[in-house]
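Shown next, in structure tokens, is the structure this report addresses.
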Amino acid sequence: MKVLKPIFMFFLLLLISCSSPEGDESQAIWETANPGPDMAKLEAKAHEAEEYCRTRNLNTDFFIIIDMSMHSGLKRFFIWDFNQSKITNSFLVSHGACDNPWSSDVSKDQVKFSNIENSHCSSVGKYILGERGPSQWGIRIKYLMHGQEGTNNNATRRDIVFHSWEQVSDEEVYPAGTPEGWGCPAISNSAMRAVDQKLQQAVKRTLMWIVQ
């Protein structure tokens, strides 16, 4: 028994050292790699957006901001409520594939932008969401996007619209990315139903701002 006791203690210590929950370690890695949205950045953009909407007679209840600097497998589509001064909804959103294969996630952590026709890239800048109409994608609803800056003023000619897409998940998919399309910001079907309801209830047109 005296010989067996040290061996027993060795295996007991080995068992204890290996028993730390893997989930805790994975969660720690996740939180380190993905601190979440940059709230200071979003708050600054929201302050600028509120003034922009007020001076241009747009919706001053809420606006949409998409932070393309975030990994596409994370929720980076935000509805900011001006009255509550906070994010009330967040969703996954696709971006343009550019030269990458359609529906891949090659540029999930490094989005490229272009305002050139047939580039299949997303364009940064402020958009006013326009007419609601039928779409061939998702829940068959789309909103025209009217680019207001030199970085996105070809949106209408490029057929860049806001719509839903079956391939976009309701939940975060990191470290994978959201499938990439041809430049349109597309969200999941259930997310679109929620956003569509808010947009229809808005008395004035709503600002969508894509930032990097």
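By order of appearance in the structure tokens: chains A, B, ..., then residues from 1 within every chain, and ligands from 1 in the order shown.
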Which residues are close to Gln84 (chain A), i.e. within 12 Å by only C-alpha atoms, leaving aside same-chain residues fewer than 5 positions away? Reply as a list in words.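 The neighbour list is Glu43, Ala46, Thr60, Asp61, Phe62 and Ile79 of chain A.
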Can you list, as a PyMOL selection string, every residue of region 2-192 of chain A that DSSP puts in strand (DSSP E or B)? chain A and resi 62-67+77-81+86-91+96+113+122+125-134+141-147+161-164+181+186-187
Compile a residue-level contact table for region 100-135 of chain A against region 153-176 of chain A at a cut-off of 9 Å, reporting for every qualifying residue the shortest atom pair and its distance in Å to one decimal, with only C-alpha atoms counted, rows ordered by chain and ascending number, as a Markdown table.
| residue | atom | partner | partner_atom | distance |
| --- | --- | --- | --- | --- |
| A:Ser103 | CA | A:Gln167 | CA | 8.2 |
| A:Asp105 | CA | A:Ala176 | CA | 7.2 |
| A:Lys108 | CA | A:Ala176 | CA | 7.6 |
| A:Asn115 | CA | A:Asn154 | CA | 6.1 |
| A:Ile116 | CA | A:Asn154 | CA | 7.2 |
| A:Glu117 | CA | A:Arg158 | CA | 5.5 |
| A:Asn118 | CA | A:Arg158 | CA | 7.0 |
| A:Ser119 | CA | A:Arg158 | CA | 8.9 |
| A:His120 | CA | A:Arg158 | CA | 8.7 |
| A:Ser122 | CA | A:Ile160 | CA | 8.5 |
| A:Ser123 | CA | A:Ala155 | CA | 8.0 |
| A:Gly125 | CA | A:Asn153 | CA | 9.0 |
| A:Tyr127 | CA | A:Asn153 | CA | 8.7 |
| A:Leu129 | CA | A:Phe162 | CA | 8.1 |
| A:Ser135 | CA | A:His163 | CA | 7.4 |
Selection from above, N, CA and C atoms, as a short mmCIF file (atom, residue, chain, number, x, y, z; two decimals), in the first residue's frame, can you write it?
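Dumped to result-v5.cif:
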data_model
loop_
_atom_site.label_atom_id
_atom_site.label_comp_id
_atom_site.auth_asym_id
_atom_site.auth_seq_id
_atom_site.Cartn_x
_atom_site.Cartn_y
_atom_site.Cartn_z
N SER A 103 -21.53 34.25 -51.51
CA SER A 103 -22.00 33.48 -50.35
C SER A 103 -20.87 32.85 -49.53
N ASP A 105 -17.37 33.45 -46.96
CA ASP A 105 -17.11 34.38 -45.85
C ASP A 105 -15.63 34.75 -45.82
N LYS A 108 -14.51 37.97 -43.90
CA LYS A 108 -15.29 38.11 -42.67
C LYS A 108 -14.68 39.08 -41.66
N ASN A 115 -17.52 51.99 -54.43
CA ASN A 115 -18.74 52.63 -54.92
C ASN A 115 -18.90 52.43 -56.42
N ILE A 116 -18.07 51.57 -56.98
CA ILE A 116 -18.05 51.36 -58.43
C ILE A 116 -19.07 50.30 -58.83
N GLU A 117 -19.76 50.55 -59.94
CA GLU A 117 -20.75 49.58 -60.44
C GLU A 117 -20.09 48.25 -60.75
N ASN A 118 -20.79 47.17 -60.44
CA ASN A 118 -20.35 45.79 -60.68
C ASN A 118 -19.15 45.38 -59.83
N SER A 119 -18.84 46.15 -58.82
CA SER A 119 -17.73 45.78 -57.93
C SER A 119 -18.14 44.70 -56.93
N HIS A 120 -19.45 44.59 -56.68
CA HIS A 120 -19.99 43.62 -55.72
C HIS A 120 -19.48 43.88 -54.30
N SER A 122 -19.54 46.39 -50.68
CA SER A 122 -20.36 47.30 -49.89
C SER A 122 -19.77 48.70 -49.98
N SER A 123 -20.59 49.70 -49.68
CA SER A 123 -20.15 51.10 -49.68
C SER A 123 -20.46 51.73 -48.34
N GLY A 125 -20.96 54.96 -45.65
CA GLY A 125 -21.60 56.26 -45.70
C GLY A 125 -23.04 56.24 -45.23
N TYR A 127 -27.05 56.56 -45.69
CA TYR A 127 -28.11 56.27 -46.65
C TYR A 127 -29.44 56.69 -46.05
N LEU A 129 -33.18 55.41 -46.17
CA LEU A 129 -33.99 54.28 -46.63
C LEU A 129 -35.24 54.82 -47.29
N SER A 135 -39.23 42.08 -53.18
CA SER A 135 -37.88 41.59 -53.37
C SER A 135 -37.92 40.11 -53.73
#
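Interatomic distance, CA of Gly96 (chain A) to CA of Glu180 (chain A): 5.5 Å.
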From a backbone DSSP assignment, name each residue in region 48-117 of chain A labelled helix (DSSP H, G or I), as a PyMOL selection string. chain A and resi 48-55
Atomic separation - CA of Ile65 (chain A) relative to CA of Asp99 (chain A), Å: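 These atoms are spaced 24.9 Å apart.
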In Å to one decimal, how far is CA of Ala191 (chain A) from CA of Val203 (chain A)?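 Between these atoms lies a distance of 20.6 Å.
Those residues that approach Phe91 (chain A) to within 7 Å, counting only C-alpha atoms, are A:Lys75, A:Arg76, A:Phe77, A:Phe78, A:Ala191; same-chain residues fewer than 4 positions away are not listed.
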What's the 12 Å shell around Leu58 (chain A), counting only C-alpha atoms, without same-chain residues fewer than 5 positions away, as a PyMOL selection string? chain A and resi 49-53+63+127-130+202-208
